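File shown: run_9.txt (compact mmCIF, N, CA and C atoms and all ligand atoms).
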# COMPACT_ATOMS: atom_id res chain seq x y z
N MET A 1 52.63 102.05 183.28
CA MET A 1 53.99 102.57 183.33
C MET A 1 55.01 101.48 183.06
N ASP A 2 54.62 100.23 183.34
CA ASP A 2 55.57 99.14 183.14
C ASP A 2 55.55 98.62 181.70
N THR A 3 54.66 99.22 180.90
CA THR A 3 54.55 98.76 179.53
C THR A 3 55.89 98.82 178.82
N HIS A 4 56.58 99.94 179.07
CA HIS A 4 57.86 100.14 178.41
C HIS A 4 58.82 99.01 178.72
N HIS A 5 58.85 98.63 180.00
CA HIS A 5 59.75 97.56 180.41
C HIS A 5 59.37 96.24 179.77
N LEU A 6 58.07 96.01 179.69
CA LEU A 6 57.61 94.77 179.06
C LEU A 6 58.03 94.76 177.60
N ILE A 7 57.87 95.94 176.96
CA ILE A 7 58.27 96.04 175.55
C ILE A 7 59.76 95.77 175.43
N LEU A 8 60.51 96.37 176.35
CA LEU A 8 61.95 96.19 176.32
C LEU A 8 62.30 94.73 176.45
N ARG A 9 61.66 94.09 177.43
CA ARG A 9 61.97 92.69 177.67
C ARG A 9 61.66 91.88 176.43
N ARG A 10 60.49 92.20 175.83
CA ARG A 10 60.12 91.47 174.62
C ARG A 10 61.13 91.76 173.50
N ALA A 11 61.54 93.02 173.42
CA ALA A 11 62.51 93.40 172.39
C ALA A 11 63.80 92.62 172.58
N VAL A 12 64.20 92.47 173.83
CA VAL A 12 65.43 91.74 174.10
C VAL A 12 65.28 90.29 173.68
N VAL A 13 64.13 89.72 174.04
CA VAL A 13 63.88 88.32 173.67
C VAL A 13 63.90 88.19 172.15
N LEU A 14 63.22 89.13 171.48
CA LEU A 14 63.18 89.08 170.02
C LEU A 14 64.57 89.24 169.44
N SER A 15 65.33 90.18 170.03
CA SER A 15 66.68 90.42 169.54
C SER A 15 67.51 89.15 169.69
N LEU A 16 67.36 88.51 170.84
CA LEU A 16 68.13 87.30 171.08
C LEU A 16 67.73 86.21 170.09
N SER A 17 66.42 86.10 169.85
CA SER A 17 65.97 85.11 168.88
C SER A 17 66.53 85.43 167.52
N ALA A 18 66.42 86.70 167.14
CA ALA A 18 66.93 87.12 165.83
C ALA A 18 68.43 86.88 165.76
N LEU A 19 69.09 87.16 166.86
CA LEU A 19 70.53 86.98 166.91
C LEU A 19 70.87 85.50 166.70
N ALA A 20 70.10 84.65 167.37
CA ALA A 20 70.34 83.22 167.25
C ALA A 20 70.12 82.77 165.82
N LEU A 21 69.06 83.32 165.19
CA LEU A 21 68.73 82.92 163.83
C LEU A 21 69.75 83.42 162.83
N SER A 22 70.24 84.65 163.09
CA SER A 22 71.11 85.27 162.09
C SER A 22 72.52 85.39 162.62
N PHE A 23 72.87 84.51 163.51
CA PHE A 23 74.15 84.62 164.19
C PHE A 23 75.30 84.74 163.22
N SER A 24 75.25 83.97 162.16
CA SER A 24 76.39 83.90 161.26
C SER A 24 76.56 85.16 160.43
N ILE A 25 75.45 85.93 160.24
CA ILE A 25 75.57 87.10 159.38
C ILE A 25 75.49 88.41 160.15
N ALA A 26 75.19 88.35 161.47
CA ALA A 26 75.05 89.59 162.22
C ALA A 26 76.41 90.25 162.43
N PRO A 27 76.56 91.49 161.98
CA PRO A 27 77.83 92.18 162.20
C PRO A 27 78.02 92.50 163.67
N ALA A 28 79.25 92.49 164.11
CA ALA A 28 79.52 92.81 165.50
C ALA A 28 79.03 94.22 165.81
N GLY A 29 78.44 94.39 166.96
CA GLY A 29 78.00 95.72 167.38
C GLY A 29 76.67 96.12 166.78
N ALA A 30 76.04 95.20 166.06
CA ALA A 30 74.78 95.56 165.42
C ALA A 30 73.63 95.59 166.41
N GLN A 31 73.81 94.95 167.54
CA GLN A 31 72.71 94.87 168.49
C GLN A 31 72.58 96.17 169.28
N ILE A 32 71.57 96.91 168.98
CA ILE A 32 71.31 98.17 169.67
C ILE A 32 70.03 97.99 170.47
N ASN A 33 70.09 98.43 171.69
CA ASN A 33 68.91 98.30 172.54
C ASN A 33 67.92 99.39 172.15
N SER A 34 67.11 99.13 171.18
CA SER A 34 66.22 100.16 170.66
C SER A 34 64.77 99.84 171.01
N HIS A 35 63.90 100.80 170.69
CA HIS A 35 62.48 100.61 170.93
C HIS A 35 61.79 100.28 169.62
N ALA A 36 62.43 99.45 168.84
CA ALA A 36 61.89 99.13 167.52
C ALA A 36 60.48 98.57 167.61
N ASN A 37 60.15 97.97 168.73
CA ASN A 37 58.84 97.35 168.85
C ASN A 37 57.82 98.24 169.55
N HIS A 38 58.18 99.48 169.76
CA HIS A 38 57.23 100.42 170.34
C HIS A 38 55.92 100.45 169.56
N ASP A 39 56.06 100.34 168.24
CA ASP A 39 54.90 100.49 167.37
C ASP A 39 53.77 99.52 167.70
N CYS A 40 54.12 98.49 168.42
CA CYS A 40 53.12 97.46 168.67
C CYS A 40 52.10 97.86 169.71
N CYS A 41 52.57 98.86 170.67
CA CYS A 41 51.77 98.98 171.88
C CYS A 41 51.41 100.43 172.19
N PRO A 42 50.20 100.80 171.88
CA PRO A 42 49.79 102.17 172.18
C PRO A 42 49.98 102.50 173.66
N GLN A 43 50.38 103.72 173.92
CA GLN A 43 50.55 104.14 175.31
C GLN A 43 49.77 105.44 175.49
N GLN A 44 48.47 105.34 175.27
CA GLN A 44 47.63 106.54 175.24
C GLN A 44 47.78 107.39 176.49
N GLN A 45 47.95 106.76 177.62
CA GLN A 45 47.97 107.53 178.86
C GLN A 45 49.15 108.47 178.91
N GLN A 46 50.16 108.25 178.07
CA GLN A 46 51.33 109.11 178.07
C GLN A 46 51.35 110.01 176.83
N ALA A 47 50.33 109.91 176.00
CA ALA A 47 50.41 110.50 174.67
C ALA A 47 50.58 112.01 174.67
N GLU A 48 49.97 112.68 175.64
CA GLU A 48 49.97 114.13 175.57
C GLU A 48 51.04 114.77 176.42
N LYS A 49 51.84 113.97 177.10
CA LYS A 49 52.81 114.52 178.02
C LYS A 49 54.15 114.73 177.32
N ASN A 50 54.80 115.85 177.65
CA ASN A 50 56.14 116.11 177.11
C ASN A 50 57.18 115.76 178.16
N TYR A 51 58.29 115.23 177.70
CA TYR A 51 59.38 114.86 178.60
C TYR A 51 60.63 115.63 178.22
N SER A 52 61.39 116.04 179.24
CA SER A 52 62.64 116.76 179.03
C SER A 52 63.78 115.89 179.51
N THR A 53 64.82 115.78 178.70
CA THR A 53 65.98 115.02 179.14
C THR A 53 67.21 115.45 178.33
N SER A 54 68.29 114.74 178.54
CA SER A 54 69.52 115.00 177.80
C SER A 54 69.97 113.70 177.16
N GLY A 55 70.91 113.84 176.24
CA GLY A 55 71.41 112.63 175.60
C GLY A 55 72.53 112.97 174.63
N VAL A 56 72.98 111.94 173.94
CA VAL A 56 74.05 112.10 172.95
C VAL A 56 73.52 111.68 171.59
N VAL A 57 73.73 112.54 170.60
CA VAL A 57 73.28 112.25 169.24
C VAL A 57 74.13 111.12 168.66
N LYS A 58 73.49 110.06 168.23
CA LYS A 58 74.21 108.91 167.68
C LYS A 58 74.16 108.88 166.16
N SER A 59 73.04 109.32 165.59
CA SER A 59 73.00 109.45 164.14
C SER A 59 71.87 110.40 163.77
N LEU A 60 72.03 111.05 162.60
CA LEU A 60 71.04 112.00 162.10
C LEU A 60 70.58 111.51 160.73
N GLN A 61 69.28 111.35 160.59
CA GLN A 61 68.73 110.88 159.31
C GLN A 61 67.59 111.80 158.91
N PRO A 62 67.94 113.06 158.53
CA PRO A 62 66.88 114.03 158.21
C PRO A 62 65.98 113.56 157.08
N GLU A 63 66.54 112.80 156.13
CA GLU A 63 65.72 112.33 155.01
C GLU A 63 64.65 111.35 155.48
N LYS A 64 64.92 110.69 156.60
CA LYS A 64 63.92 109.78 157.16
C LYS A 64 63.17 110.43 158.32
N LYS A 65 63.49 111.70 158.57
CA LYS A 65 62.90 112.42 159.71
C LYS A 65 63.08 111.60 160.99
N ARG A 66 64.35 111.24 161.21
CA ARG A 66 64.63 110.39 162.36
C ARG A 66 66.03 110.69 162.88
N ALA A 67 66.21 110.50 164.18
CA ALA A 67 67.54 110.60 164.78
C ALA A 67 67.66 109.51 165.83
N MET A 68 68.88 108.97 165.93
CA MET A 68 69.15 108.03 167.02
C MET A 68 69.81 108.83 168.14
N ILE A 69 69.26 108.72 169.32
CA ILE A 69 69.79 109.47 170.46
C ILE A 69 69.95 108.51 171.64
N GLU A 70 71.13 108.55 172.23
CA GLU A 70 71.32 107.79 173.47
C GLU A 70 70.87 108.67 174.61
N HIS A 71 69.66 108.43 175.08
CA HIS A 71 69.09 109.32 176.11
C HIS A 71 69.55 108.89 177.50
N ASP A 72 69.58 109.85 178.40
CA ASP A 72 69.84 109.56 179.80
C ASP A 72 68.68 108.74 180.37
N ALA A 73 68.87 108.22 181.54
CA ALA A 73 67.78 107.52 182.21
C ALA A 73 66.63 108.51 182.45
N ILE A 74 65.41 108.03 182.27
CA ILE A 74 64.22 108.87 182.47
C ILE A 74 63.35 108.18 183.52
N PRO A 75 63.61 108.52 184.79
CA PRO A 75 62.92 107.83 185.89
C PRO A 75 61.40 107.89 185.76
N GLU A 76 60.92 109.03 185.26
CA GLU A 76 59.48 109.24 185.12
C GLU A 76 58.84 108.14 184.26
N LEU A 77 59.60 107.67 183.27
CA LEU A 77 59.10 106.63 182.37
C LEU A 77 59.69 105.26 182.71
N LYS A 78 60.57 105.25 183.73
CA LYS A 78 61.30 104.02 184.07
C LYS A 78 62.12 103.53 182.88
N TRP A 79 62.64 104.48 182.11
CA TRP A 79 63.51 104.11 180.99
C TRP A 79 64.96 104.16 181.45
N PRO A 80 65.72 103.15 181.18
CA PRO A 80 67.16 103.20 181.45
C PRO A 80 67.86 104.00 180.34
N VAL A 81 69.13 104.27 180.54
CA VAL A 81 69.93 104.87 179.46
C VAL A 81 69.82 103.96 178.24
N MET A 82 69.59 104.59 177.07
CA MET A 82 69.34 103.74 175.91
C MET A 82 69.55 104.50 174.60
N ASN A 83 70.08 103.81 173.64
CA ASN A 83 70.20 104.36 172.29
C ASN A 83 68.96 103.94 171.51
N MET A 84 68.17 104.92 171.09
CA MET A 84 66.89 104.58 170.46
C MET A 84 66.52 105.62 169.40
N PRO A 85 65.64 105.25 168.49
CA PRO A 85 65.23 106.19 167.44
C PRO A 85 64.16 107.16 167.93
N PHE A 86 64.27 108.40 167.46
CA PHE A 86 63.23 109.41 167.69
C PHE A 86 62.73 109.87 166.33
N GLU A 87 61.43 109.94 166.19
CA GLU A 87 60.85 110.51 164.98
C GLU A 87 60.98 112.02 165.06
N VAL A 88 61.31 112.65 163.93
CA VAL A 88 61.52 114.10 163.92
C VAL A 88 60.66 114.71 162.81
N PRO A 89 59.38 114.97 163.12
CA PRO A 89 58.47 115.52 162.10
C PRO A 89 59.02 116.82 161.50
N ASP A 90 59.63 117.65 162.35
CA ASP A 90 60.25 118.88 161.88
C ASP A 90 61.76 118.66 161.74
N ALA A 91 62.17 118.22 160.57
CA ALA A 91 63.57 117.84 160.37
C ALA A 91 64.54 119.01 160.51
N THR A 92 64.01 120.25 160.46
CA THR A 92 64.91 121.40 160.64
C THR A 92 65.48 121.41 162.06
N LEU A 93 64.83 120.69 162.96
CA LEU A 93 65.35 120.55 164.33
C LEU A 93 66.76 119.96 164.32
N LEU A 94 67.05 119.20 163.28
CA LEU A 94 68.33 118.47 163.23
C LEU A 94 69.47 119.34 162.71
N ASN A 95 69.12 120.52 162.16
CA ASN A 95 70.14 121.36 161.52
C ASN A 95 71.27 121.75 162.45
N ASP A 96 70.94 122.00 163.72
CA ASP A 96 71.95 122.47 164.66
C ASP A 96 72.65 121.35 165.40
N LEU A 97 72.30 120.11 165.08
CA LEU A 97 72.83 118.99 165.85
C LEU A 97 73.97 118.31 165.11
N LYS A 98 74.87 117.74 165.88
CA LYS A 98 75.99 117.00 165.30
C LYS A 98 76.08 115.65 165.98
N VAL A 99 76.46 114.64 165.22
CA VAL A 99 76.67 113.31 165.79
C VAL A 99 77.76 113.40 166.85
N GLY A 100 77.50 112.84 167.99
CA GLY A 100 78.46 112.86 169.09
C GLY A 100 78.23 113.99 170.07
N ALA A 101 77.37 114.95 169.68
CA ALA A 101 77.12 116.10 170.55
C ALA A 101 76.13 115.73 171.66
N ARG A 102 76.35 116.33 172.81
CA ARG A 102 75.41 116.18 173.90
C ARG A 102 74.32 117.25 173.75
N ILE A 103 73.09 116.84 173.91
CA ILE A 103 71.98 117.78 173.70
C ILE A 103 70.98 117.71 174.85
N ASP A 104 70.26 118.82 175.00
CA ASP A 104 69.04 118.82 175.81
C ASP A 104 67.89 118.69 174.82
N PHE A 105 66.92 117.88 175.13
CA PHE A 105 65.81 117.75 174.20
C PHE A 105 64.51 117.42 174.92
N THR A 106 63.42 117.65 174.21
CA THR A 106 62.11 117.27 174.73
C THR A 106 61.44 116.38 173.70
N PHE A 107 60.60 115.51 174.19
CA PHE A 107 59.89 114.61 173.28
C PHE A 107 58.55 114.23 173.87
N LYS A 108 57.71 113.67 173.05
CA LYS A 108 56.46 113.10 173.54
C LYS A 108 56.33 111.70 172.96
N ILE A 109 55.40 110.96 173.51
CA ILE A 109 55.13 109.61 173.00
C ILE A 109 53.78 109.65 172.33
N ASP A 110 53.74 109.30 171.04
CA ASP A 110 52.46 109.41 170.33
C ASP A 110 51.58 108.19 170.61
N ALA A 111 50.37 108.24 170.04
CA ALA A 111 49.38 107.20 170.32
C ALA A 111 49.84 105.82 169.87
N ASN A 112 50.84 105.80 168.97
CA ASN A 112 51.36 104.51 168.51
C ASN A 112 52.60 104.08 169.29
N GLY A 113 52.93 104.85 170.34
CA GLY A 113 54.07 104.48 171.16
C GLY A 113 55.40 104.93 170.61
N ARG A 114 55.37 105.75 169.54
CA ARG A 114 56.63 106.25 169.00
C ARG A 114 57.06 107.50 169.76
N SER A 115 58.36 107.65 169.88
CA SER A 115 58.91 108.82 170.56
C SER A 115 59.16 109.91 169.53
N ILE A 116 58.55 111.08 169.78
CA ILE A 116 58.57 112.18 168.82
C ILE A 116 59.42 113.31 169.39
N LEU A 117 60.48 113.65 168.68
CA LEU A 117 61.34 114.75 169.12
C LEU A 117 60.63 116.08 168.88
N LEU A 118 60.57 116.92 169.93
CA LEU A 118 59.86 118.19 169.82
C LEU A 118 60.81 119.37 169.77
N THR A 119 61.84 119.34 170.63
CA THR A 119 62.87 120.39 170.62
C THR A 119 64.20 119.71 170.89
N ALA A 120 65.26 120.34 170.40
CA ALA A 120 66.61 119.82 170.66
C ALA A 120 67.59 120.94 170.50
N LYS A 121 68.51 121.05 171.45
CA LYS A 121 69.56 122.06 171.32
C LYS A 121 70.84 121.54 171.95
N PRO A 122 71.98 121.91 171.35
CA PRO A 122 73.25 121.48 171.91
C PRO A 122 73.35 121.94 173.36
N LYS A 123 73.92 121.12 174.20
CA LYS A 123 74.04 121.45 175.61
C LYS A 123 75.09 122.54 175.76
N GLY A 124 74.70 123.60 176.51
CA GLY A 124 75.55 124.77 176.65
C GLY A 124 76.84 124.44 177.32
CU CU A 201 64.46 104.55 175.49
Final C-alpha cells representation of the file:
Amino acid sequence: MDTHHLILRRAVVLSLSALALSFSIAPAGAQINSHANHDCCPQQQQAEKNYSTSGVVKSLQPEKKRAMIEHDAIPELKWPVMNMPFEVPDATLLNDLKVGARIDFTFKIDANGRSILLTAKPKG
C-alpha cells in the first residue's frame, strides 16, 4: 500500500533533480505532481479493484486517450489530492466532460501501475 508513496517520493526527487538540471528552461508552473513514474512499478495486488472518487478535469486529450484529473484524496490508496494523468481506453467517456468541471469517476490500476478511467460523469 505504501508503494504509491514511495513512487511519489521518488517522483518528487526526480522532479527536483530534473528541475535543478533544467532550471533555466523550465517554464513556471510546469511542475505537476503527477504519477509519471507509475509505469515503473507493478501494483498487482490492486489491479482488479475499482475505486470511486471525485475530482476536477484539468485537461482532455481524447487523441491520446488520456485526461488529467485533479482527484480528491483517496484514503484507501493513501493518495493525497493530486493532478495526475488517467488513461482512457474508451475515449467516448470524455465527450461529456469539460475542463474545469467537477466530476465523479471510477478507475482501476492496471498491472503496470497506470490509472485507467472506467466511468466519469459531471457532478450533479
Ligand atoms: Cu494520484
List all protein, DNA and RNA residues that have an atom no more than 6 Å from any atom of ligand CU 201 (chain A), counting all atoms listed in the file, and report them as a short mmCIF file (atom, residue, chain, number, x, y, z; two decimals) with N, CA and C atoms, in the coordinates of the input.
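Saved result, selection13.cif, follows:
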data_model
loop_
_atom_site.label_atom_id
_atom_site.label_comp_id
_atom_site.auth_asym_id
_atom_site.auth_seq_id
_atom_site.Cartn_x
_atom_site.Cartn_y
_atom_site.Cartn_z
N TRP A 79 62.64 104.48 182.11
CA TRP A 79 63.51 104.11 180.99
C TRP A 79 64.96 104.16 181.45
N PRO A 80 65.72 103.15 181.18
CA PRO A 80 67.16 103.20 181.45
C PRO A 80 67.86 104.00 180.34
N MET A 82 69.59 104.59 177.07
CA MET A 82 69.34 103.74 175.91
C MET A 82 69.55 104.50 174.60
N ASN A 83 70.08 103.81 173.64
CA ASN A 83 70.20 104.36 172.29
C ASN A 83 68.96 103.94 171.51
N MET A 84 68.17 104.92 171.09
CA MET A 84 66.89 104.58 170.46
C MET A 84 66.52 105.62 169.40
#
Need the shell around range 58-63 of chain A: protein/DNA/RNA residues with any atom at most 12 Å away, counting only C-alpha atoms. Skip same-chain ones fewer than 4 positions apart. Format as number ranges by chain? A: 32, 67-71, 82-103
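Note that CA of Lys64 in chain A and CA of Val81 in chain A are 23.6 Å apart.
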Report, in Å to a single decimal, how far apart CA of Gly55 in chain A and CA of Ala111 in chain A are. 23.3 Å
DSSP-assigned helix (DSSP H, G or I) among range 49-99 of chain A, expressed as a ChimeraX atom specification: /A:62-64,75-77,91-96
Distance of CA of Pro75 in chain A from CA of Ala120 in chain A, expressed in Å to one decimal place: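 Separation of CA of Ala120 in chain A and CA of Pro75 in chain A: 19.7 Å.
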Report as a count of residues only all protein, DNA and RNA residues lying within 7 Å of Lys108 in chain A, evaluated on only N, CA and C atoms, omitting residues in the same chain fewer than 5 positions from it. 11
